Amino acid sequence: MVDSAMAPQRARCLLVTGGAGFIGGNFVQHWAERHPHDTLVVLDALTYAGNLATIQPLVDRGAVAFVHGDITDAALVSALLADRAIDTIVHFAAESHVDRSIADPGAFVHTNIVGTLTLLVAARAAWCRDGAWTSGVRFHHVSTDEVFGSLAPNEAPFRETTPYAPNSPYAASKAGADHLVRAWVHTYGLPATISNCSNNYGPYHFPEKLIPLLIVNALHGKPLPVYGDGQQVRDWLYVTDHCRAIDLILDRGEEGRTYTVGGRAEHANLDIVHLVCSLIDARFADDPALTQRYPDCPAARGAPCRSLVSHVTDRAGHDRRYAIDPTRIAAELGFEPTETLATGLSRTVDWYLANEAWWRPVMDGSYRDWISQQYGDRESVS
């Protein structure tokens, strides 16, 4: 396995959009640790799923400059690229929850498509003069496997050449963003790469997504909602493995290339629910102190957490199966996941048990109150 952190690299100045979100925040932590001589600037609007606490220690010690703002703010984005001498954009910022996209598709089009367009226009203005691009610049766009639609049970996994067939407003908005990046590569010569990843999980995941929701609800004895029969299949990728993959793409990925990034871990949603429940049951059996901390959890009284499973009406247009073929990134860049589903889920459960101080303010609303008090209409803090 090849790791880009092993090789000497020129110092970069990265703008990480959505760098206080789940994947973006993990990436910022990864990059700050692996590339301490680089400059990191995070641009995040701190909407409901952004959590400054994820990167606050790095901000406090000056390893990261945080800018509170929106990627659709053209003036702010252009000023950042110029004033901070940005040479690399890693674009995570996106509305990403399918249920929310069904309820409010306009917000997804605005952030995911208009926001990406704003970044592309600003990058071209900052990095391209008379058709010549500044040496060493890179725009990396982080996308999703959902742009490819749904797979039949025995159909081959998605790969870079799979035709797009998005089935939700979220997936359609991400597909639109992908197409804009491709157009900038083809039309203007933008030095860009794209990655389409499978379902991520791990630390700092906002508790509306399946795995963190299962953990937090189980600890509080609340229902564990499962859409339909729970047999929707996803390929699961531990978030730090995804960060390593992006690191490799930025280091040695071919400009204009797309890479599909997966965890080689296809499982039905109901299987994931049962695995998480079993892990929590085992933690309570091993640590009596958890019974005092979470007395409402079934495991606190010796009952299985899977007793909380509640099947609910399936999501409209719910895709049945996603799967990724990661052959290209493995062959060209040497990437392979280091976490199996078993080890990754175990680490994830342990992280949530050890970091109630991160997720509790998210769940009780106090974090949103703090954000409003801290920022209001202010645009930035460094």
# chains A, B, ... in the order shown; residues from 1 in each chain; ligands from 1
>>> residues_around(residues="Ala74 (chain A)", least_positions_apart="4", cutoff="12 Å", atoms="only C-alpha atoms", output="list in words")
Gly69, Asp70, Ser78, Ala79, Leu80, Leu81, Val114, Gly115, Thr116, Leu117, Thr118, Leu119, Leu120, Val121, Ala122, Ala123 and Ala125 of chain A
>>> residues_around(residues="Val312 (chain A)", least_positions_apart="3", cutoff="9 Å", atoms="only C-alpha atoms", output="PyMOL selection string")
chain A and resi 225-229+315
>>> residues_around(residues="Ala177 (chain A)", least_positions_apart="4", cutoff="12 Å", atoms="only C-alpha atoms", output="PyMOL selection string")
chain A and resi 91-95+108-120+140-144+147+170-173+181-184+194+196
>>> closest_residue(among="A:Cys128, A:Ala107, A:Ile102, A:Val276", to="Arg347 (chain A)", atoms="only C-alpha atoms")
A:Val276
>>> residues_around(residues="Thr340 (chain A)", least_positions_apart="4", cutoff="9 Å", atoms="only C-alpha atoms", output="list in words")
Leu237, Tyr238, Gly263, Arg264, Ala265, Gly344 and Leu345 of chain A
